[in-house]
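Undergrad: One file: target.cif (mmCIF, C-alpha atoms (C1' of nucleotides)).
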data_query
#
loop_
_atom_site.label_atom_id
_atom_site.label_comp_id
_atom_site.auth_asym_id
_atom_site.auth_seq_id
_atom_site.Cartn_x
_atom_site.Cartn_y
_atom_site.Cartn_z
CA MET P 2 0.00 0.00 0.00
CA THR P 3 1.40 3.38 -0.98
CA LYS P 4 1.79 6.23 1.47
CA ARG P 5 -0.85 8.16 -0.45
CA THR P 6 -3.39 5.34 -0.16
CA LYS P 7 -2.64 4.99 3.54
CA GLU P 8 -3.25 8.72 4.05
CA ILE P 9 -6.57 8.62 2.18
CA LEU P 10 -7.78 5.65 4.26
CA ALA P 11 -6.65 7.39 7.44
CA LEU P 12 -8.66 10.47 6.47
CA LEU P 13 -11.76 8.34 5.85
CA ASP P 14 -11.29 6.62 9.21
CA GLU P 15 -10.86 9.97 10.90
CA LYS P 16 -13.97 11.51 9.34
CA TYR P 17 -16.28 8.51 9.30
CA SER P 18 -17.10 5.68 11.61
CA ARG P 19 -15.02 2.52 11.41
CA GLU P 20 -18.04 0.40 12.19
CA TYR P 21 -19.95 -1.05 9.28
CA LYS P 22 -23.45 0.36 9.05
CA CYS P 23 -25.66 -0.67 6.15
CA TYR P 24 -27.96 2.02 4.80
CA LEU P 25 -30.53 -0.47 3.55
CA ASN P 26 -32.84 -1.41 6.43
CA HIS P 27 -33.22 -5.16 6.95
CA GLU P 28 -33.52 -7.82 9.61
CA THR P 29 -32.59 -10.95 7.65
CA ALA P 30 -30.27 -11.98 4.83
CA TRP P 31 -33.11 -12.43 2.36
CA GLN P 32 -34.49 -9.00 3.25
CA LEU P 33 -31.12 -7.41 2.49
CA LEU P 34 -30.99 -9.36 -0.77
CA ILE P 35 -34.37 -7.98 -1.87
CA ALA P 36 -33.62 -4.47 -0.63
CA THR P 37 -30.40 -4.49 -2.65
CA ILE P 38 -32.17 -5.70 -5.78
CA LEU P 39 -34.60 -2.80 -5.32
CA SER P 40 -31.76 -0.32 -4.85
CA ALA P 41 -30.67 -0.35 -8.50
CA GLN P 42 -30.76 3.24 -9.78
CA CYS P 43 -32.78 4.31 -6.75
CA THR P 44 -31.87 6.10 -3.53
CA ASP P 45 -31.52 4.04 -0.36
CA ALA P 46 -33.98 6.41 1.33
CA ARG P 47 -36.64 5.47 -1.21
CA VAL P 48 -35.88 1.75 -0.86
CA ASN P 49 -36.30 2.00 2.92
CA ILE P 50 -39.69 3.68 2.52
CA VAL P 51 -40.84 0.86 0.24
CA THR P 52 -39.40 -2.03 2.25
CA LYS P 53 -40.96 -0.81 5.49
CA ASP P 54 -44.40 -1.80 4.23
CA LEU P 55 -43.18 -4.49 1.83
CA PHE P 56 -41.55 -6.67 4.49
CA GLN P 57 -44.70 -6.59 6.59
CA LYS P 58 -46.89 -7.60 3.68
CA TYR P 59 -44.40 -10.20 2.42
CA ASP P 60 -42.95 -11.59 5.64
CA SER P 61 -41.21 -14.63 4.17
CA ILE P 62 -39.40 -15.86 1.08
CA GLU P 63 -42.45 -18.00 0.33
CA LYS P 64 -44.68 -14.93 0.18
CA PHE P 65 -42.44 -13.37 -2.47
CA ALA P 66 -42.07 -16.65 -4.37
CA ASN P 67 -45.85 -17.00 -4.60
CA ALA P 68 -46.60 -13.32 -5.11
CA GLU P 69 -48.82 -12.16 -7.95
CA LEU P 70 -46.60 -10.27 -10.38
CA SER P 71 -48.92 -7.32 -10.98
CA LYS P 72 -49.49 -6.87 -7.24
CA LEU P 73 -45.79 -6.95 -6.41
CA GLU P 74 -45.12 -4.48 -9.23
CA GLN P 75 -47.44 -1.98 -7.61
CA ASP P 76 -45.92 -2.56 -4.19
CA ILE P 77 -42.41 -1.67 -5.41
CA LYS P 78 -43.36 0.75 -8.18
CA THR P 79 -41.75 3.88 -6.74
CA THR P 80 -38.27 2.31 -6.81
CA GLY P 81 -38.31 2.39 -10.62
CA PHE P 82 -37.61 -0.45 -13.09
CA TYR P 83 -40.48 -2.15 -11.32
CA HIS P 84 -41.43 -4.65 -14.06
CA ASN P 85 -37.93 -6.14 -14.06
CA LYS P 86 -37.43 -5.93 -10.32
CA ALA P 87 -40.74 -7.60 -9.47
CA LYS P 88 -40.16 -10.42 -11.94
CA ASN P 89 -36.60 -10.92 -10.70
CA ILE P 90 -37.59 -10.93 -7.03
CA ILE P 91 -40.17 -13.66 -7.64
CA LEU P 92 -37.75 -15.78 -9.68
CA CYS P 93 -34.97 -15.18 -7.20
CA CYS P 94 -37.07 -16.28 -4.23
CA ARG P 95 -38.34 -19.37 -6.06
CA LYS P 96 -34.75 -20.41 -6.71
CA LEU P 97 -33.81 -19.76 -3.09
CA LEU P 98 -36.53 -22.20 -2.07
CA ASP P 99 -35.99 -24.77 -4.84
CA GLU P 100 -32.19 -24.94 -4.83
CA TYR P 101 -30.92 -23.38 -1.61
CA GLN P 102 -33.42 -24.53 1.02
CA GLY P 103 -34.45 -20.94 1.60
CA GLU P 104 -30.91 -19.92 2.60
CA VAL P 105 -29.13 -17.04 0.90
CA PRO P 106 -25.99 -18.56 -0.66
CA ARG P 107 -22.47 -17.38 0.08
CA THR P 108 -20.40 -17.52 -3.11
CA ILE P 109 -20.32 -14.99 -5.95
CA GLU P 110 -21.22 -17.71 -8.46
CA GLU P 111 -24.26 -18.88 -6.53
CA LEU P 112 -25.43 -15.37 -5.70
CA THR P 113 -25.11 -14.05 -9.25
CA SER P 114 -27.02 -17.09 -10.55
CA LEU P 115 -30.09 -15.61 -8.84
CA ALA P 116 -32.37 -13.39 -10.96
CA GLY P 117 -31.67 -9.71 -10.46
CA VAL P 118 -28.43 -10.33 -8.60
CA GLY P 119 -25.19 -9.06 -10.16
CA ARG P 120 -21.72 -8.58 -8.70
CA LYS P 121 -22.66 -5.48 -6.76
CA THR P 122 -25.58 -7.11 -4.98
CA ALA P 123 -23.60 -10.33 -4.45
CA ASN P 124 -20.79 -8.41 -2.80
CA VAL P 125 -23.20 -6.51 -0.55
CA ILE P 126 -24.47 -9.87 0.75
CA ARG P 127 -21.00 -11.34 1.14
CA GLY P 128 -19.68 -8.32 3.00
CA ASN P 129 -22.70 -7.58 5.12
CA ILE P 130 -24.13 -10.99 5.93
CA TYR P 131 -21.11 -13.27 5.74
CA HIS P 132 -18.42 -10.73 6.60
CA GLU P 133 -16.24 -11.84 3.70
CA PRO P 134 -13.81 -9.18 2.47
CA SER P 135 -15.46 -7.84 -0.67
CA ILE P 136 -15.42 -4.68 -2.76
CA VAL P 137 -18.84 -3.28 -3.63
CA VAL P 138 -18.65 -1.10 -6.75
CA ASP P 139 -21.77 1.00 -6.93
CA THR P 140 -22.22 4.40 -8.52
CA HIS P 141 -20.57 6.20 -5.57
CA VAL P 142 -17.56 3.91 -5.36
CA LYS P 143 -17.06 4.16 -9.11
CA ARG P 144 -17.25 7.96 -9.24
CA ILE P 145 -15.16 8.65 -6.15
CA SER P 146 -12.53 5.97 -6.78
CA LYS P 147 -11.89 7.70 -10.09
CA ARG P 148 -11.73 11.15 -8.50
CA LEU P 149 -9.28 9.83 -5.89
CA GLY P 150 -7.11 8.37 -8.66
CA PHE P 151 -7.53 4.75 -7.57
CA THR P 152 -8.70 3.75 -11.06
CA LYS P 153 -9.37 5.04 -14.53
CA GLU P 154 -11.54 2.09 -15.53
CA GLU P 155 -15.23 2.39 -16.46
CA ASP P 156 -16.25 -1.25 -16.03
CA PRO P 157 -17.36 -1.90 -12.42
CA GLU P 158 -15.83 -5.38 -12.43
CA LYS P 159 -12.44 -4.03 -13.53
CA ILE P 160 -12.71 -1.35 -10.85
CA GLU P 161 -13.45 -4.06 -8.31
CA TYR P 162 -10.28 -5.97 -9.18
CA GLU P 163 -8.19 -2.82 -9.28
CA LEU P 164 -9.38 -1.72 -5.85
CA MET P 165 -8.55 -5.19 -4.53
CA LYS P 166 -4.95 -4.60 -5.58
CA VAL P 167 -4.77 -1.09 -4.12
CA LEU P 168 -6.65 -1.45 -0.83
CA PRO P 169 -5.72 -3.77 2.06
CA LYS P 170 -8.32 -6.47 2.74
CA GLU P 171 -9.18 -5.10 6.17
CA HIS P 172 -10.48 -1.95 4.47
CA TRP P 173 -12.53 -3.49 1.65
CA ILE P 174 -15.90 -3.50 3.36
CA LEU P 175 -15.21 -0.33 5.29
CA TYR P 176 -14.12 1.54 2.15
CA ASN P 177 -17.48 0.83 0.57
CA ILE P 178 -19.61 2.30 3.34
CA GLN P 179 -17.26 5.20 4.03
CA ILE P 180 -17.19 6.19 0.35
CA ILE P 181 -20.98 6.04 0.14
CA THR P 182 -21.22 8.29 3.18
CA PHE P 183 -18.65 10.63 1.63
CA GLY P 184 -20.62 10.62 -1.62
CA ARG P 185 -23.87 11.39 0.15
CA ASN P 186 -22.45 14.21 2.26
CA ILE P 187 -19.81 15.92 0.12
CA CYS P 188 -18.61 14.26 -3.09
CA TYR P 189 -21.85 14.43 -5.10
CA ALA P 190 -21.97 13.43 -8.74
CA ARG P 191 -23.38 16.88 -9.54
CA SER P 192 -21.92 19.98 -7.90
CA PRO P 193 -19.80 18.32 -5.23
CA LYS P 194 -18.94 20.49 -2.20
CA CYS P 195 -15.28 20.81 -3.15
CA GLU P 196 -14.64 24.00 -1.16
CA GLU P 197 -15.38 22.28 2.13
CA CYS P 198 -13.98 18.88 1.18
CA PHE P 199 -11.35 17.25 3.40
CA MET P 200 -10.08 15.23 0.44
CA GLN P 201 -9.00 18.18 -1.76
CA LYS P 202 -5.33 17.28 -1.54
CA TYR P 203 -5.96 13.81 -2.95
CA CYS P 204 -8.62 14.64 -5.55
CA THR P 205 -7.56 14.45 -9.19
CA GLU P 206 -10.42 16.75 -10.19
CA TYR P 207 -10.09 19.49 -7.60
CA LYS P 208 -9.22 22.73 -9.35
CA GLY P 209 -8.56 25.01 -6.43
CA ILE P 210 -10.47 27.63 -4.51
CA ASN P 211 -13.39 29.39 -6.18
CA ARG P 212 -13.48 27.06 -9.09
CA LYS P 213 -16.12 24.65 -10.14
CA HIS P 214 -15.44 20.94 -10.21
CA GLN P 215 -14.13 19.58 -13.53
CA GLY P 216 -13.39 23.11 -14.77
CA LYS P 217 -16.35 23.81 -16.97
CA ASN P 218 -17.04 27.48 -17.77
CA GLU P 219 -14.07 28.75 -15.89
CA GLU P 220 -12.28 32.07 -16.27
"C1'" DC H 19 -24.75 -1.48 -26.47
"C1'" DT H 20 -29.71 -0.83 -25.15
"C1'" DC H 21 -33.48 -1.06 -22.24
"C1'" DC H 22 -35.65 -0.83 -17.91
"C1'" DC H 23 -38.27 3.72 -14.97
"C1'" DG H 24 -40.10 6.61 -10.71
"C1'" DA H 25 -38.57 10.30 -7.46
"C1'" DT H 26 -35.83 14.12 -6.49
"C1'" DA H 27 -32.47 17.98 -6.97
"C1'" DT H 28 -30.66 21.44 -9.91
"C1'" DA D 20 -35.63 20.02 -18.99
"C1'" DT D 21 -32.06 17.17 -17.40
"C1'" DA D 22 -28.97 14.52 -14.38
"C1'" DT D 23 -28.71 11.20 -10.93
"C1'" DC D 24 -29.92 7.61 -7.71
"C1'" DA D 25 -26.25 1.50 -3.17
"C1'" DG D 26 -27.51 -2.04 -11.34
"C1'" DG D 27 -28.82 -5.99 -14.03
"C1'" DA D 28 -30.32 -8.56 -18.14
"C1'" DG D 29 -30.74 -9.49 -23.07
#
As structure tokens, how would this structure be written, given the file I've shared?
TA:
Amino acid sequence: MTKRTKEILALLDEKYSREYKCYLNHETAWQLLIATILSAQCTDARVNIVTKDLFQKYDSIEKFANAELSKLEQDIKTTGFYHNKAKNIILCCRKLLDEYQGEVPRTIEELTSLAGVGRKTANVIRGNIYHEPSIVVDTHVKRISKRLGFTKEEDPEKIEYELMKVLPKEHWILYNIQIITFGRNICYARSPKCEECFMQKYCTEYKGINRKHQGKNEE
DNA sequence: CTCCCGATAT
DNA sequence: ATATCAGGAG
């Protein structure tokens, strides 16, 4: 690990909690799995609003597996992409029952074989439920890892492997949640709060005081 | 690469 | 009006 990387991780540890706190409300592994499927291109705040009622109405994997598609679509509608998500959740839960005895599997291969579950969702489960070191590359991790100069890749899977080489294993899970918090509070995709950012020194896009991020319409 | 898609901030 | 939000499948 380079000195620069060590300093960035120290700054994150200093600013944000070192304890892992998931932003998607859940009580069980299968609830986190469904919440994460719903979180695609949707804010975690919106997902939590939906799952609050959803997990009372559907209080088991069986309920989701036997759900009526059009009903479930309406129940998750406000998360967007609701046709795909509803269909995937039903298929996913049926497979959990048919092939995994209702247990959420542990490996990337098994997890990504479930409908609606890609690498990002699989890594959320592995990190959060099974406490396996894993890099979750979501929109925040992608954007901010590029700004911090950890990667220049566009493909989330390539970014995942690159971050594995750069970051020590003990920080993999922590990095994910700290970067999301950083992205929510300061390092926005649009109009990030660069002037009050504690990461200025390490940002490849910071242009200096009184300048907009990425240098559009300057001077 | 395209499509899926509602809610919110700018 | 447009960009963005804890992406995934065909």
Undergrad: Write out as a PyMOL selection string every residue belonging to chain D that has an atom at most 7 Å from any atom of chain P, counting only C-alpha atoms (C1' of nucleotides).
TA: chain D and resi 24-27
Undergrad: Pull out every residue that the PyMOL selection byres ((chain P) within 6 of (chain H)) matches in the shown coordinates and put them as a compact mmCIF listing (two decimals) with C-alpha atoms, in the coordinates of the input.
TA:
# COMPACT_ATOMS: atom_id res chain seq x y z
CA THR P 79 -41.75 3.88 -6.74
CA GLY P 81 -38.31 2.39 -10.62
CA PHE P 82 -37.61 -0.45 -13.09
Undergrad: What is the distance, in Å and to one decimal place, between atom CA of Leu97 of chain P and atom CA of Tyr131 of chain P?
TA: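 Interatomic distance here is 16.8 Å.
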Undergrad: How many Å separate atom CA of Asp60 of chain P from atom CA of Tyr101 of chain P?
TA: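 So the two atoms, atom CA of Asp60 of chain P and atom CA of Tyr101 of chain P, lie 18.3 Å apart.
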Undergrad: So how many Å separate atom CA of Thr29 of chain P and atom CA of Ser71 of chain P, to one decimal?
TA: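 Separation of atom CA of Thr29 of chain P and atom CA of Ser71 of chain P: 25.0 Å.
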Undergrad: Using the chain letters and numbers from the file, give me the residues hit by the PyMOL selection byres ((chain P and resi 156) around 12), as a PDB file with C-alpha atoms, in the frame of the given file.
TA:
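Writing done, so here's out_21.pdb:
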ATOM      1  CA  ARG P 120     -21.720  -8.580  -8.700  1.00  0.00           C
ATOM      2  CA  VAL P 138     -18.650  -1.100  -6.750  1.00  0.00           C
ATOM      3  CA  ASP P 139     -21.770   1.000  -6.930  1.00  0.00           C
ATOM      4  CA  THR P 140     -22.220   4.400  -8.520  1.00  0.00           C
ATOM      5  CA  VAL P 142     -17.560   3.910  -5.360  1.00  0.00           C
ATOM      6  CA  LYS P 143     -17.060   4.160  -9.110  1.00  0.00           C
ATOM      7  CA  ARG P 144     -17.250   7.960  -9.240  1.00  0.00           C
ATOM      8  CA  LYS P 147     -11.890   7.700 -10.090  1.00  0.00           C
ATOM      9  CA  THR P 152      -8.700   3.750 -11.060  1.00  0.00           C
ATOM     10  CA  LYS P 153      -9.370   5.040 -14.530  1.00  0.00           C
ATOM     11  CA  GLU P 154     -11.540   2.090 -15.530  1.00  0.00           C
ATOM     12  CA  GLU P 155     -15.230   2.390 -16.460  1.00  0.00           C
ATOM     13  CA  PRO P 157     -17.360  -1.900 -12.420  1.00  0.00           C
ATOM     14  CA  GLU P 158     -15.830  -5.380 -12.430  1.00  0.00           C
ATOM     15  CA  LYS P 159     -12.440  -4.030 -13.530  1.00  0.00           C
ATOM     16  CA  ILE P 160     -12.710  -1.350 -10.850  1.00  0.00           C
ATOM     17  CA  GLU P 161     -13.450  -4.060  -8.310  1.00  0.00           C
ATOM     18  CA  TYR P 162     -10.280  -5.970  -9.180  1.00  0.00           C
ATOM     19  CA  GLU P 163      -8.190  -2.820  -9.280  1.00  0.00           C
TER      20      GLU P 163
END
Undergrad: Got a sec to check which residues sit within 12 Å of (-4.2, 15.3, -8.5), counting all atoms listed in the file, and write them as a PyMOL selection string?
TA: chain P and resi 5+147-151+200-209+215
Undergrad: Enclose chain D, meaning all of its atoms listed in the file, in a box aligned along x, y and z, pad it by 4 Å on each side, and list the centre and edge lengths in Å to one decimal, as lines of an AutoDock Vina configuration file.
TA:
center_x = -30.9
center_y = 5.3
center_z = -13.1
size_x = 17.4
size_y = 37.5
size_z = 27.9
Undergrad: Return as JSON, numbers by chain the set of residues that the PyMOL selection byres ((chain P and resi 15-19) around 12) yields on the displayed structure.
TA: {"P": [8, 9, 10, 11, 12, 13, 14, 20, 21, 22, 23, 171, 172, 173, 174, 175, 176, 177, 178, 179, 180, 181, 182, 183, 184, 186, 187, 198, 199, 200]}
Undergrad: Taking into account all atoms listed in the file, which residue in the set P:Lys166, P:Arg107, P:Arg127, P:Lys88 is nearest to DA28 of chain D?
TA: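 Using all atoms listed in the file, DA28 of chain D sits closest to P:Lys88.
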